[in-house]
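Shown next: query.txt, containing compact mmCIF, C-alpha atoms and all ligand atoms.
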# COMPACT_ATOMS: atom_id res chain seq x y z
CA MET A 296 3.61 36.84 -7.24
CA SER A 297 1.69 40.13 -6.85
CA GLN A 298 -1.53 38.36 -5.86
CA TYR A 299 0.25 36.11 -3.40
CA ARG A 300 -0.50 36.34 0.31
CA THR A 301 0.06 33.77 3.03
CA PHE A 302 -3.24 32.17 3.98
CA THR A 303 -4.72 32.35 7.46
CA ALA A 304 -7.09 29.61 8.60
CA ALA A 305 -10.02 31.88 7.70
CA ASP A 306 -8.61 32.43 4.18
CA ALA A 307 -8.32 28.67 3.75
CA VAL A 308 -11.96 28.13 4.75
CA ALA A 309 -13.15 30.85 2.34
CA TYR A 310 -10.99 29.40 -0.43
CA ALA A 311 -12.31 25.88 0.14
CA GLN A 312 -15.88 27.21 0.09
CA GLN A 313 -15.22 28.81 -3.28
CA PHE A 314 -13.07 26.18 -4.98
CA GLY A 315 -13.61 22.92 -3.09
CA GLY A 316 -16.32 21.72 -5.46
CA LEU A 317 -18.40 20.58 -2.49
CA GLN A 318 -22.19 20.38 -2.56
CA ALA A 319 -22.73 22.42 0.61
CA PRO A 320 -19.75 24.82 0.77
CA SER A 321 -21.37 27.10 3.34
CA GLU A 322 -21.13 24.24 5.86
CA LEU A 323 -17.37 24.55 5.88
CA VAL A 324 -16.61 26.49 9.04
CA GLU A 325 -13.15 25.83 10.38
CA ALA A 326 -9.57 25.11 9.33
CA GLN A 327 -6.70 23.54 11.19
CA GLU A 328 -3.14 23.94 9.94
CA ILE A 329 -1.70 20.44 10.02
CA GLY A 330 1.45 20.82 7.88
CA ASP A 331 4.30 18.87 9.43
CA GLY A 332 6.47 18.61 6.33
CA ASN A 333 9.52 20.66 5.50
CA LEU A 334 8.00 23.11 3.05
CA ASN A 335 4.31 24.11 3.03
CA LEU A 336 1.17 25.16 4.86
CA VAL A 337 -1.52 22.47 4.89
CA PHE A 338 -5.03 23.24 6.13
CA LYS A 339 -7.64 20.62 6.89
CA ILE A 340 -11.10 22.12 6.42
CA PHE A 341 -13.96 20.98 8.70
CA ASP A 342 -17.73 21.26 8.46
CA SER A 343 -20.02 22.29 11.34
CA GLN A 344 -20.25 18.66 12.50
CA GLY A 345 -16.47 18.60 12.96
CA ALA A 346 -15.94 16.29 9.98
CA SER A 347 -12.98 17.08 7.75
CA GLN A 348 -14.00 17.58 4.14
CA ILE A 349 -11.15 18.87 2.06
CA ILE A 350 -7.50 19.99 2.13
CA VAL A 351 -6.06 23.38 1.14
CA LYS A 352 -2.30 23.39 0.65
CA GLN A 353 -0.22 26.52 0.09
CA ALA A 354 3.44 26.85 -0.77
CA LEU A 355 5.37 29.36 1.34
CA PRO A 356 7.99 31.52 -0.42
CA TYR A 357 10.71 29.87 1.68
CA VAL A 358 11.68 26.47 3.13
CA ARG A 359 9.41 26.10 6.16
CA CYS A 360 11.76 23.91 8.23
CA VAL A 361 14.64 26.38 7.81
CA GLY A 362 12.92 29.78 7.64
CA GLU A 363 12.93 32.89 5.46
CA SER A 364 16.72 32.72 5.09
CA TRP A 365 16.14 29.97 2.47
CA PRO A 366 13.78 31.43 -0.17
CA LEU A 367 12.08 28.95 -2.47
CA THR A 368 10.09 29.23 -5.67
CA LEU A 369 6.29 29.42 -5.45
CA ASP A 370 6.15 27.76 -8.85
CA ARG A 371 6.50 24.47 -6.99
CA ALA A 372 2.77 24.63 -6.22
CA ARG A 373 1.99 24.56 -9.95
CA LEU A 374 4.53 21.79 -10.51
CA GLU A 375 3.06 19.75 -7.68
CA ALA A 376 -0.53 20.17 -8.83
CA GLN A 377 0.32 19.46 -12.47
CA THR A 378 2.41 16.39 -11.59
CA LEU A 379 -0.43 14.99 -9.49
CA VAL A 380 -2.99 15.77 -12.21
CA GLU A 381 -0.81 14.04 -14.81
CA HIS A 382 -0.22 11.03 -12.55
CA TYR A 383 -3.94 10.89 -11.68
CA GLN A 384 -4.75 10.52 -15.38
CA HIS A 385 -2.65 7.36 -15.50
CA CYS A 386 -3.27 5.95 -12.04
CA PRO A 387 -6.32 7.47 -10.29
CA GLU A 388 -6.46 4.61 -7.75
CA HIS A 389 -3.14 5.60 -6.23
CA THR A 390 -2.88 9.38 -6.73
CA VAL A 391 -4.53 12.02 -4.58
CA LYS A 392 -7.20 13.95 -6.49
CA VAL A 393 -6.47 17.65 -7.08
CA VAL A 394 -9.74 19.57 -7.23
CA HIS A 395 -8.36 23.02 -8.05
CA TYR A 396 -5.10 24.94 -8.15
CA ASP A 397 -4.04 28.54 -8.52
CA PRO A 398 -0.44 29.28 -9.52
CA ALA A 399 -0.59 32.95 -8.43
CA LEU A 400 -1.61 32.11 -4.87
CA ALA A 401 0.50 28.90 -4.96
CA VAL A 402 -2.52 27.07 -3.58
CA MET A 403 -4.17 23.79 -4.38
CA VAL A 404 -7.31 22.14 -3.09
CA MET A 405 -7.33 18.37 -2.89
CA GLU A 406 -9.33 15.46 -1.59
CA ASP A 407 -9.25 14.82 2.13
CA LEU A 408 -7.61 11.50 2.98
CA SER A 409 -8.58 11.36 6.66
CA SER A 410 -9.63 7.75 6.23
CA HIS A 411 -5.96 7.03 5.45
CA ARG A 412 -2.77 7.39 7.46
CA ILE A 413 0.76 8.42 6.52
CA TRP A 414 2.63 5.20 5.71
CA ARG A 415 5.80 6.22 7.57
CA GLY A 416 3.92 6.59 10.87
CA GLU A 417 2.35 3.17 10.40
CA LEU A 418 5.71 1.58 9.56
CA VAL A 419 7.20 3.08 12.72
CA LYS A 420 4.32 1.72 14.82
CA GLY A 421 4.66 -1.70 13.18
CA VAL A 422 1.26 -1.61 11.47
CA TYR A 423 1.49 -3.75 8.35
CA TYR A 424 -0.36 -3.01 5.11
CA PRO A 425 0.35 -6.13 3.04
CA GLN A 426 -0.84 -4.61 -0.25
CA ALA A 427 0.86 -1.23 0.05
CA ALA A 428 4.20 -2.14 -1.54
CA SER A 429 2.71 -3.75 -4.64
CA GLN A 430 0.26 -0.85 -4.97
CA LEU A 431 3.20 1.53 -4.88
CA GLY A 432 4.90 -0.56 -7.59
CA GLU A 433 1.71 -0.32 -9.63
CA TYR A 434 1.54 3.48 -9.18
CA LEU A 435 5.17 3.88 -10.23
CA ALA A 436 4.82 1.61 -13.27
CA ARG A 437 1.70 3.28 -14.61
CA THR A 438 2.73 6.88 -14.03
CA LEU A 439 6.32 6.40 -15.21
CA PHE A 440 5.51 4.27 -18.26
CA HIS A 441 2.82 6.65 -19.53
CA THR A 442 5.09 9.69 -19.22
CA SER A 443 8.07 8.02 -20.90
CA ASP A 444 9.26 7.66 -24.50
CA PHE A 445 7.78 4.17 -24.57
CA TYR A 446 4.31 5.67 -24.60
CA LEU A 447 4.42 9.35 -25.58
CA HIS A 448 4.87 10.72 -29.08
CA PRO A 449 8.36 12.30 -29.20
CA HIS A 450 6.86 15.79 -29.60
CA ASP A 451 4.59 15.30 -26.60
CA LYS A 452 7.45 13.90 -24.54
CA LYS A 453 9.58 16.96 -25.26
CA ALA A 454 6.65 19.24 -24.39
CA LEU A 455 6.31 17.34 -21.11
CA VAL A 456 9.99 17.88 -20.33
CA ALA A 457 9.53 21.61 -20.96
CA ARG A 458 6.36 21.88 -18.85
CA PHE A 459 8.02 20.19 -15.90
CA ILE A 460 11.33 22.05 -15.80
CA ASN A 461 11.80 22.33 -12.03
CA PRO A 462 15.28 23.78 -11.43
CA GLU A 463 14.95 25.02 -7.85
CA MET A 464 13.45 21.84 -6.43
CA CYS A 465 15.91 19.71 -8.39
CA GLU A 466 18.72 21.81 -6.93
CA ILE A 467 17.57 20.88 -3.42
CA THR A 468 17.79 17.20 -4.34
CA GLU A 469 21.11 17.72 -6.14
CA ASP A 470 22.57 19.32 -3.02
CA LEU A 471 20.99 17.19 -0.31
CA PHE A 472 21.42 13.79 -1.98
CA PHE A 473 24.63 14.10 -3.89
CA ASN A 474 26.75 16.91 -2.35
CA ASP A 475 26.21 17.64 1.33
CA PRO A 476 26.83 14.18 2.87
CA TYR A 477 30.17 13.94 1.06
CA LEU A 478 31.40 17.41 2.15
CA ILE A 479 31.76 19.34 5.36
CA HIS A 480 28.55 21.39 5.14
CA GLU A 481 26.64 23.44 7.71
CA ARG A 482 23.37 21.83 6.63
CA ASN A 483 24.58 18.39 7.66
CA ASN A 484 23.15 17.02 10.87
CA TYR A 485 24.44 13.84 12.49
CA PRO A 486 25.54 12.76 15.95
CA ALA A 487 29.08 13.72 16.91
CA ALA A 488 29.70 10.10 17.87
CA LEU A 489 29.46 9.19 14.16
CA GLU A 490 32.06 11.74 13.03
CA GLN A 491 34.60 9.10 12.03
CA GLN A 492 32.09 7.16 9.95
CA VAL A 493 30.90 10.34 8.21
CA ALA A 494 34.47 11.51 7.60
CA ALA A 495 35.06 8.16 5.90
CA LEU A 496 32.32 9.06 3.37
CA ARG A 497 34.21 12.23 2.51
CA ASP A 498 37.46 10.29 2.11
CA ASP A 499 36.13 7.46 -0.04
CA SER A 500 37.03 8.29 -3.64
CA CYS A 501 35.30 5.20 -5.12
CA LEU A 502 32.10 6.13 -3.31
CA LYS A 503 32.31 9.75 -4.47
CA LEU A 504 32.82 8.62 -8.07
CA ALA A 505 29.73 6.40 -7.88
CA VAL A 506 27.73 9.28 -6.35
CA ALA A 507 28.96 11.60 -9.13
CA GLN A 508 27.60 9.13 -11.70
CA LEU A 509 24.23 9.08 -9.94
CA LYS A 510 24.12 12.88 -9.75
CA HIS A 511 24.96 13.11 -13.45
CA LYS A 512 22.10 10.73 -14.19
CA PHE A 513 19.76 12.86 -12.06
CA PHE A 514 20.87 15.99 -13.99
CA SER A 515 20.56 14.60 -17.46
CA SER A 516 18.38 11.54 -17.83
CA ALA A 517 14.91 12.62 -18.93
CA GLU A 518 13.18 9.24 -18.82
CA ALA A 519 9.75 9.95 -17.29
CA LEU A 520 7.76 12.40 -15.14
CA LEU A 521 8.91 11.45 -11.66
CA HIS A 522 7.09 12.07 -8.42
CA GLY A 523 10.52 13.23 -7.29
CA ASP A 524 10.13 12.67 -3.52
CA ILE A 525 8.29 9.37 -3.12
CA HIS A 526 9.23 8.50 0.45
CA SER A 527 6.90 6.86 2.97
CA GLY A 528 5.90 10.29 4.30
CA SER A 529 4.52 11.19 0.84
CA ILE A 530 2.20 8.19 0.85
CA PHE A 531 -1.17 7.67 2.53
CA VAL A 532 -2.35 4.13 3.24
CA ALA A 533 -5.54 2.45 4.43
CA GLU A 534 -6.54 -1.19 4.30
CA GLY A 535 -6.29 -2.10 0.61
CA SER A 536 -5.63 1.49 -0.47
CA LEU A 537 -2.59 3.66 -1.21
CA LYS A 538 -2.42 7.27 -2.42
CA ALA A 539 0.64 9.31 -3.37
CA ILE A 540 0.69 13.00 -2.33
CA ASP A 541 3.29 15.82 -2.23
CA ALA A 542 4.77 15.88 -5.73
CA GLU A 543 6.45 19.31 -5.72
CA PHE A 544 9.76 17.75 -6.72
CA GLY A 545 8.16 16.41 -9.92
CA TYR A 546 10.33 16.69 -13.05
CA VAL A 547 11.30 14.51 -15.99
CA GLY A 548 14.19 12.45 -14.67
CA PRO A 549 15.58 8.92 -14.28
CA ILE A 550 12.98 6.30 -13.37
CA GLY A 551 15.42 4.62 -10.98
CA PHE A 552 15.33 7.73 -8.77
CA ASP A 553 11.68 7.21 -7.80
CA ILE A 554 12.14 3.46 -7.35
CA GLY A 555 15.33 3.97 -5.32
CA THR A 556 13.76 6.62 -3.07
CA ALA A 557 10.79 4.36 -2.36
CA ILE A 558 12.95 1.31 -1.60
CA GLY A 559 15.38 3.47 0.37
CA ASN A 560 12.64 4.54 2.75
CA LEU A 561 11.59 0.93 3.34
CA LEU A 562 15.23 0.19 4.14
CA LEU A 563 15.50 3.18 6.49
CA ASN A 564 12.59 1.66 8.37
CA TYR A 565 14.34 -1.73 8.26
CA CYS A 566 17.43 -0.17 9.88
CA ALA A 567 15.33 1.61 12.52
CA LEU A 568 13.15 -1.33 13.59
CA PRO A 569 15.43 -2.66 16.38
CA GLY A 570 15.13 0.79 17.97
CA HIS A 571 11.35 0.46 18.20
CA PHE A 572 10.82 -3.23 18.90
CA GLY A 573 14.13 -4.50 20.29
CA PRO A 574 16.41 -6.79 18.30
CA ARG A 575 14.33 -9.95 18.71
CA ASP A 576 10.86 -8.63 17.90
CA ALA A 577 12.24 -6.45 15.10
CA ALA A 578 13.10 -9.56 13.10
CA SER A 579 9.57 -10.32 11.88
CA HIS A 580 8.94 -6.65 10.98
CA ARG A 581 12.22 -6.65 9.08
CA GLU A 582 11.11 -9.66 7.08
CA GLN A 583 7.96 -7.73 6.14
CA ARG A 584 10.08 -4.83 4.89
CA LEU A 585 12.19 -7.13 2.73
CA LYS A 586 9.00 -8.71 1.41
CA ASP A 587 7.70 -5.17 0.71
CA ILE A 588 10.82 -4.34 -1.31
CA GLN A 589 10.46 -7.51 -3.34
CA ALA A 590 6.73 -6.90 -3.91
CA LEU A 591 7.33 -3.27 -4.92
CA TRP A 592 9.96 -4.10 -7.53
CA LEU A 593 8.15 -7.15 -8.93
CA ALA A 594 4.84 -5.28 -9.23
CA PHE A 595 6.60 -2.36 -10.89
CA ALA A 596 8.59 -4.45 -13.37
CA GLU A 597 5.73 -6.79 -14.23
CA ARG A 598 3.29 -3.92 -14.89
CA PHE A 599 5.88 -1.89 -16.82
CA ILE A 600 6.61 -4.89 -19.08
CA THR A 601 2.91 -5.60 -19.64
CA LEU A 602 2.22 -1.96 -20.49
CA SER A 603 5.19 -1.94 -22.79
CA ARG A 604 3.98 -5.05 -24.66
CA HIS A 605 0.56 -3.52 -25.29
CA GLU A 606 1.12 0.22 -25.41
CA THR A 607 4.63 1.04 -26.62
CA ARG A 608 4.20 3.36 -29.57
CA ASP A 609 7.80 3.84 -30.58
CA VAL A 610 8.85 1.23 -33.11
CA ALA A 611 12.46 0.92 -31.92
CA LEU A 612 11.60 0.81 -28.22
CA ALA A 613 9.09 -1.95 -29.01
CA THR A 614 11.91 -4.25 -30.18
CA GLU A 615 11.63 -7.66 -28.53
CA GLY A 616 13.77 -7.75 -25.38
CA TYR A 617 14.40 -3.99 -25.19
CA VAL A 618 12.11 -3.23 -22.25
CA GLU A 619 13.74 -5.98 -20.16
CA GLN A 620 17.17 -4.55 -20.99
CA PHE A 621 15.99 -1.06 -20.04
CA LEU A 622 14.54 -2.26 -16.73
CA GLN A 623 17.82 -3.94 -15.85
CA LYS A 624 19.48 -0.48 -16.09
CA VAL A 625 16.64 1.11 -14.11
CA TRP A 626 17.20 -1.51 -11.40
CA ILE A 627 20.91 -0.73 -11.13
CA ASP A 628 20.13 3.00 -10.95
CA ALA A 629 17.51 2.31 -8.28
CA VAL A 630 19.99 0.42 -6.08
CA GLY A 631 22.44 3.34 -6.29
CA PHE A 632 19.81 6.03 -5.64
CA CYS A 633 18.47 3.94 -2.76
CA GLY A 634 21.92 4.06 -1.18
CA THR A 635 22.05 7.87 -1.51
CA GLU A 636 18.65 8.16 0.20
CA LEU A 637 19.90 6.08 3.14
CA ILE A 638 22.96 8.27 3.56
CA ARG A 639 21.34 11.67 3.11
CA ARG A 640 18.57 10.86 5.62
CA SER A 641 21.20 9.81 8.19
CA VAL A 642 23.80 12.52 7.69
CA GLY A 643 22.14 15.43 5.91
CA LEU A 644 19.56 18.15 6.64
CA SER A 645 16.38 16.16 6.30
CA HIS A 646 15.90 13.14 8.53
CA VAL A 647 13.21 10.50 8.91
CA ALA A 648 11.07 9.79 11.97
CA ASP A 649 11.89 6.09 11.69
CA LEU A 650 15.41 6.84 12.98
CA ASP A 651 14.93 10.15 14.81
CA SER A 652 12.16 8.85 17.06
CA ILE A 653 14.25 6.03 18.57
CA GLU A 654 14.41 6.98 22.23
CA ASP A 655 17.46 5.09 23.44
CA GLU A 656 20.49 7.06 22.28
CA ALA A 657 22.89 4.15 21.92
CA THR A 658 20.36 2.15 19.90
CA ARG A 659 19.61 5.17 17.73
CA LEU A 660 23.30 5.62 17.01
CA ALA A 661 23.62 1.95 16.07
CA CYS A 662 20.61 2.15 13.73
CA VAL A 663 21.84 5.36 12.04
CA SER A 664 25.29 3.86 11.67
CA HIS A 665 23.75 0.77 10.06
CA ALA A 666 21.84 2.97 7.57
CA ILE A 667 25.03 4.82 6.60
CA GLU A 668 27.01 1.60 6.08
CA LEU A 669 24.20 -0.06 4.16
CA GLY A 670 23.78 3.03 1.96
CA LYS A 671 27.47 3.15 1.17
CA PHE A 672 27.55 -0.58 0.43
CA LEU A 673 24.59 -0.36 -1.95
CA ILE A 674 26.03 2.60 -3.87
CA LEU A 675 29.30 0.72 -4.34
CA ILE A 676 27.83 -2.63 -5.40
CA ALA A 677 24.82 -1.36 -7.40
CA GLY A 678 26.20 -2.60 -10.73
CA GLN A 679 26.69 -6.12 -9.39
CA VAL A 680 23.23 -6.64 -7.90
CA ASN A 681 21.33 -8.38 -10.66
CA SER A 682 17.96 -9.02 -9.09
CA VAL A 683 15.77 -8.04 -6.18
CA ASP A 684 16.46 -11.42 -4.54
CA GLU A 685 20.18 -10.75 -4.70
CA PHE A 686 19.54 -7.26 -3.29
CA ILE A 687 17.72 -8.77 -0.31
CA ALA A 688 20.54 -11.26 0.24
CA ARG A 689 23.06 -8.36 0.21
CA VAL A 690 20.96 -6.37 2.71
CA ARG A 691 20.86 -9.39 5.05
CA GLN A 692 24.63 -9.73 4.66
CA LYS A 693 25.01 -6.21 6.15
CA GLY A 694 23.05 -7.07 9.31
C1 LIG B 701 14.61 21.50 2.19
S1 LIG B 701 13.53 20.25 1.78
C2 LIG B 701 14.18 18.83 2.49
C3 LIG B 701 13.52 17.58 2.06
O1 LIG B 701 12.13 17.63 2.34
C4 LIG B 701 11.41 17.08 1.26
O2 LIG B 701 10.42 16.22 1.67
C5 LIG B 701 12.42 16.42 0.37
O3 LIG B 701 12.64 15.07 0.73
C6 LIG B 701 13.61 17.26 0.60
O4 LIG B 701 14.80 16.65 0.22
MG MG B 702 7.22 16.43 0.62
Please, can you express the file's structure as structure tokens?
Amino acid sequence: MSQYRTFTAADAVAYAQQFGGLQAPSELVEAQEIGDGNLNLVFKIFDSQGASQIIVKQALPYVRCVGESWPLTLDRARLEAQTLVEHYQHCPEHTVKVVHYDPALAVMVMEDLSSHRIWRGELVKGVYYPQAASQLGEYLARTLFHTSDFYLHPHDKKALVARFINPEMCEITEDLFFNDPYLIHERNNYPAALEQQVAALRDDSCLKLAVAQLKHKFFSSAEALLHGDIHSGSIFVAEGSLKAIDAEFGYVGPIGFDIGTAIGNLLLNYCALPGHFGPRDAASHREQRLKDIQALWLAFAERFITLSRHETRDVALATEGYVEQFLQKVWIDAVGFCGTELIRRSVGLSHVADLDSIEDEATRLACVSHAIELGKFLILIAGQVNSVDEFIARVRQKG
């Protein structure tokens, strides 16, 4: 901590010159702070021609979107860099490349993805990337399989768990996903017109039991090194390309959490689409989202099974039929976690642009209300949804 100082734009340029690994570092002349997330400073570093070359990201010692009243560990910069480095080893095609990181300054330098765009923004605009969902499934399968007990020696797996202990970031997820929406809490943020619907979440004992089970799983199920926050704002896309960024919530947790968060964000977009395109034109975009969800799960499951057939090292876990049984449990977890993502993004502290940017107030209310109801429904029926096709049928059933 002693070495830590908050970077200015000039500091970021000097740092990129020193650690960016570029051939002509002296040509880096300018930095623009472009961070629009909830937590960090992000500088884009430009050369004298005005071309962006590299990114410098620094963790602040507090939650940026709240302020200094909510202090937050700087160790998250190390956890983010190490998670991305680990994931890059297993899936370089779909993980941003970290060039350098420094735990004391809580800084990392990474490849510039200016040729890509944030997936969430594209989904809101209705720009379709037909390969993105299956690429995300591929990323999740390869990173999660290779950091699980299927692949790692038990000693290495336990060392991985130890290296990625991430209590403060996990606590944010524990609170925002599994506590706040089901309590009266000052962090919650939802329209007054939805008070009755939100109060019904607090009063639903079956729902709260199901959420307790999911939270317990999040606390205690060390299945693989998760990204930990794999929503559409943590993903860059370009034609035929997808890259995951922003892994500061990385820890060894339940695989279904990453899958459920990813699917949940596609569903949040699904709920928001009538607010951007009107009910009639939204229909075709909604079909794309459902196709995306199917493609994501099928790509994930197919790759995970293939990897397991060829690369499982543990003799018991290699038993014929075991991986399929395991994935069935992951799927059920994913449906439940997906429901919690829908609810916490509608009711809690941290929202999504898909819903928040809907201009017409009445339409926005209807879309948010749909997301809450769909989330609740999915949490309650998770154990009865046996396949992704059934999931899609259930989503259609809810409007
Ligand atoms: C206080 S952090 C709020 C949210 O932002 C991050 O992107 C995570 O999704 C977290 O839950
Ligand atoms: Mg993030």
Distance query 10 Å from (20.9, 5.1, -3.7) using all atoms listed in the file, result as number ranges by chain: A: 472-473, 505-506, 509, 551-552, 554-556, 558-559, 627-639, 669-675, 677
Distance filter 10 Å around ligand MG 702 (chain B), atoms: only C-alpha atoms and all ligand atoms, out as a list in words: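 Here is the list of contacting residues: Asp331, Gly332, Asn333, Leu334, Asn335, Glu375, Gly523, Asp524, Ile525, His526, Ser527, Gly528, Ser529, Ile530, Ile540, Asp541, Ala542, Glu543 and Phe544 of chain A.
Every protein, DNA or RNA residue with an atom at most 9 Å from range 567-572 of chain A, where only C-alpha atoms count and chain neighbours fewer than 3 positions away do not, is listed here: Leu418, Val419, Lys420, Gly421, Leu562, Leu563, Asn564, Arg575, Asp576, Ala577, Ala578, His580, Arg581, Asp649, Leu650, Asp651, Ser652, Ile653, Glu654, Asp655, Thr658, Arg659, Ala661, Cys662, Val663, His665 and Ala666 of chain A.
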Between CA of Arg373 in chain A and CA of Asp407 in chain A - distance in Å to one decimal: 19.2 Å
Shell around range 448-456 of chain A at 9 Å using all atoms listed in the file, local window under 2 positions removed, as a ChimeraX atom specification: /A:442-446,458-460,517,519-520,546-548,608-609
Point-to-point distance from CA of Cys360 in chain A to atom C1 of ligand LIG 701 (chain B), Å rounded to tenths: 7.1 Å
